Amino acid sequence: MKTDTVISVRNLDLFYGTFHALKAVPMDVLGRHITALIGPSGCGKSTLLRALNRMNDLIQGVRVTGTILLEGQDIYAPGTDVCELRKRVGMVFQRPNPFPLSIYENVAFGLRVAGVSDRQRVEEIVERSLAAVALWDPLKDKLDHSALILPLDQQQRLCIARVLAVEPEVILMDEPCSALDPIATARIEELMLDLKADYTIVIVTHNMQQAARISDYSGYMLLGEMIEFTETAGIFTSPKDKRTQDYVSGRYG
Amino acid sequence: MERHFDENLQALKYHLMKMSAIAEVMISDAIKAAVERNESVIPPVFQREEQVNQMQIEIDETCLTLIALHQPAAGDLRFILGAAKANAELERLADEAVNIVQRSEHLLKDPPLKPFEIIPEMAVIARGMVRDSLHAFVNRNVDLAREVLLRDDRVDDLKDAITAELTAYMTSDSSTVSRALDLLLIARYLERIGDHATNIAEIAIFVAEGRDVRHHANKLPEE
């Protein structure tokens with residue numbers, strides 16, 4: 001395990017009932033880098049992503065073997081505080097899902113759940129989080145407005161701000177731009193490149209060009225296996241596995 | 001919208017300009033060796049050649065990676081493709097500077113044949129063409145690129161003049177042949193440097209306007 005590895009996945013197997021969804025998957029996620037998971041539908045990339053903060057626990061009949069270490073600690077060890085895990089490893093979903101609350105309350109929500117009651121502190125964190133996603137200036141005079149009336153890319157940025165407010169170490173993003181148009185997508189991608197300075201990001205995308213544009217490392221998955229995991233530049237210029245080559249050059253399918 | 005990708009493009013421009021600057025110094029030093037009979041400038045030319053070769057490899061790799069990862073379009077695509085081509089021209093013209101130095105080493109074994117006039121003038125023009133063609137490329141300055149194309153005629157004329165002059169020497173006195181041939185070759189290398197700079201200027205027009213003006217195709221009446 002490299003010293004700057006934040007998440008280390010070893011020999012991960014996951015079953016949905018009898019369906020073998022992840023097969024002996026290995027992966028090292030480097031801190032303050034963007035790691036992308038790519039591959040055709042059903043390859044297991046979202047399953048792997050959800051395993052990193054145990055969101056799969058919410059699905060009935062899931063069984064996991066193998067290890068996932070976050071900063072050296074096994075997240076599946078008995079007694080793990082799963083809420084704390086999901087604070088440290090936050091998630092942004094495909095469809096923006098702001099709460100039916102004001103913009104301010106959306107960002108403050110996680111802080112309130114975590115028991116932060118000092119009003120000034122909450123205000124500071126809300127401002128900082130919205131600024132980090134370039135929403136403070138456009139929205140600072142509308143913080144009491146409902147989050148649901150925002151355009152989609154602002155809703156998605158609000159969801160990212162919501163994650164940032166609880167000061168995660170890792171941000172997981174499951175196809176974060178799928179519901180957005182190309183310009184909104186470009187803005188979110190630029191945001192991710194900015195956020196990389198302070199956070200570790202793992203993104204699942206079915207858009208391999210997106211993975212090429214923004215990620216440092218990419219993992220190509222197929223039928224539950226990690227076929228090739230390496231620097232993104234290598235995957236897109238000279239992949240080692242023929243299956244990777246076929247996928248990135250559009251010959252697959 | 002400012003893009004992180006723009007930083008990559010700026011870095012590529014910077015590296016090309018640096019490579020060009022090194023090549024220009026190589027040309028000056030190579031001519032100094034011949035004209036001023038200054039052997040001390042020779043070893044640095046070879047060191048700079050190593051640098052230029054290394055930069056060529058790095059710039060090509062950068063261009064490959066940028067295309068693979070960013071799917072550039074339109075002007076960005078033309079720029080990156082143009083950068084890979086300009087890169088090759090710069091490396092070759094640096095090689096010509098090395099050829100000049102190697103000829104100079106041979107030339108300096110004998111006393112001077114005649115006062116230098118034409119070769120220094122060719123060198124000044126060629127060096128300026130290298131500088132300005134790269135400048136035109138990086139800044140998408142079509143007027144400057146066209147002006148560089150015109151300067152090549154002057155270089156060719158000077159080469160014809162020195163060829164005529166040295167031919168006269170050789171035919172009247174066979175003891176001058178070795179030195180005259182060295183000087184002819186130096187003039188030939190300078191002419192080739194001008195040709196490579198011309199190629200970069202044509203690439204600059206392609207990048208700026210999307211017109212491929214090589215081999216007189218697509219040229220406007222004023223070109």
# chains A, B, ... in the order shown; residues from 1 in each chain; ligands from 1
>>> closest_atom_pairs(of="chain B", to="chain A", cutoff="7 Å", atoms="only C-alpha atoms", output="Markdown table")
| residue | atom | partner | partner_atom | distance |
| --- | --- | --- | --- | --- |
| B:Arg3 | CA | A:Glu190 | CA | 6.8 |
| B:His4 | CA | A:Glu190 | CA | 6.9 |
| B:Thr65 | CA | A:Ala233 | CA | 6.2 |
| B:Ala68 | CA | A:Phe236 | CA | 5.8 |
| B:Leu69 | CA | A:Ala212 | CA | 4.6 |
| B:His70 | CA | A:Arg213 | CA | 5.2 |
>>> write_last_selection(atoms="N, CA and C atoms", output="PDB file, in the first residue's frame")
ATOM      1  N   ARG B   3     -10.716  27.211 -18.545  1.00  0.00           N
ATOM      2  CA  ARG B   3     -10.654  25.754 -18.407  1.00  0.00           C
ATOM      3  C   ARG B   3      -9.285  25.366 -17.871  1.00  0.00           C
ATOM      4  N   HIS B   4      -9.249  24.285 -17.078  1.00  0.00           N
ATOM      5  CA  HIS B   4      -7.958  23.733 -16.656  1.00  0.00           C
ATOM      6  C   HIS B   4      -7.150  23.336 -17.887  1.00  0.00           C
ATOM      7  N   THR B  65      -0.902  12.923 -25.393  1.00  0.00           N
ATOM      8  CA  THR B  65      -1.737  12.837 -24.195  1.00  0.00           C
ATOM      9  C   THR B  65      -2.889  13.832 -24.263  1.00  0.00           C
ATOM     10  N   ALA B  68      -5.484  12.481 -26.601  1.00  0.00           N
ATOM     11  CA  ALA B  68      -6.146  11.290 -26.051  1.00  0.00           C
ATOM     12  C   ALA B  68      -7.115  11.661 -24.936  1.00  0.00           C
ATOM     13  N   LEU B  69      -6.720  12.602 -24.090  1.00  0.00           N
ATOM     14  CA  LEU B  69      -7.514  12.857 -22.896  1.00  0.00           C
ATOM     15  C   LEU B  69      -8.550  13.965 -23.056  1.00  0.00           C
ATOM     16  N   HIS B  70      -8.321  14.865 -23.966  1.00  0.00           N
ATOM     17  CA  HIS B  70      -9.214  16.025 -24.001  1.00  0.00           C
ATOM     18  C   HIS B  70     -10.050  16.153 -25.261  1.00  0.00           C
TER      19      HIS B  70
END
>>> residues_around(residues="segment 79-85 of chain B", least_positions_apart="3", cutoff="10 Å", atoms="only C-alpha atoms", output="VMD selection string")
chain B and resid 9 12 to 13 16 56 59 to 64 66 to 67 72 to 76 88 to 90 134 137 to 138 140 199 to 200 202 to 208 210
>>> residues_around(residues="segment 34-39 of chain B", least_positions_apart="2", cutoff="10 Å", atoms="only C-alpha atoms", output="NGL selection string")
:B and (29-32 or 41-43 or 100-109 or 111-112 or 115-117 or 119-120 or 182-183 or 186)
>>> write_last_selection(atoms="C-alpha atoms", output="mmCIF file, in the first residue's frame")
data_model
loop_
_atom_site.group_PDB
_atom_site.id
_atom_site.type_symbol
_atom_site.label_atom_id
_atom_site.label_comp_id
_atom_site.auth_asym_id
_atom_site.auth_seq_id
_atom_site.Cartn_x
_atom_site.Cartn_y
_atom_site.Cartn_z
ATOM 1 C CA ASP B 29 26.877 30.121 -31.702
ATOM 2 C CA ALA B 30 27.360 27.928 -34.743
ATOM 3 C CA ILE B 31 27.959 30.982 -36.943
ATOM 4 C CA LYS B 32 30.218 32.546 -34.304
ATOM 5 C CA VAL B 41 31.142 28.095 -28.366
ATOM 6 C CA ILE B 42 31.220 24.615 -29.899
ATOM 7 C CA PRO B 43 30.706 22.304 -26.863
ATOM 8 C CA ILE B 100 27.171 24.098 -39.195
ATOM 9 C CA VAL B 101 29.291 23.577 -36.095
ATOM 10 C CA GLN B 102 30.748 20.360 -37.455
ATOM 11 C CA ARG B 103 31.619 22.115 -40.733
ATOM 12 C CA SER B 104 33.162 24.958 -38.733
ATOM 13 C CA GLU B 105 35.397 22.572 -36.843
ATOM 14 C CA HIS B 106 36.748 21.440 -40.195
ATOM 15 C CA LEU B 107 36.955 24.983 -41.594
ATOM 16 C CA LEU B 108 38.980 26.305 -38.670
ATOM 17 C CA LYS B 109 41.828 23.891 -39.405
ATOM 18 C CA PRO B 111 43.387 30.002 -42.482
ATOM 19 C CA PRO B 112 40.349 32.089 -43.464
ATOM 20 C CA PRO B 115 36.076 38.092 -45.281
ATOM 21 C CA PHE B 116 32.585 36.980 -44.279
ATOM 22 C CA GLU B 117 29.683 39.050 -45.615
ATOM 23 C CA ILE B 119 26.964 34.046 -44.509
ATOM 24 C CA PRO B 120 26.533 36.305 -41.458
ATOM 25 C CA ASP B 182 32.798 23.941 -46.136
ATOM 26 C CA LEU B 183 31.396 27.424 -46.662
ATOM 27 C CA ILE B 186 27.304 26.092 -44.188
#
>>> closest_residue(among="B:Leu184, B:Ser174, B:Asp153, B:Arg146", to="Leu220 of chain B", atoms="only C-alpha atoms")
B:Arg146
>>> atom_distance(atom1="atom CA of Lys45 of chain A", atom2="atom CA of Met27 of chain A")
11.9 Å
>>> select_by_dssp(residues="segment 32-145 of chain A", states="alpha helix (DSSP H)", output="number ranges by chain")
A: 45-51, 82-88, 103-113, 119-132, 136-139
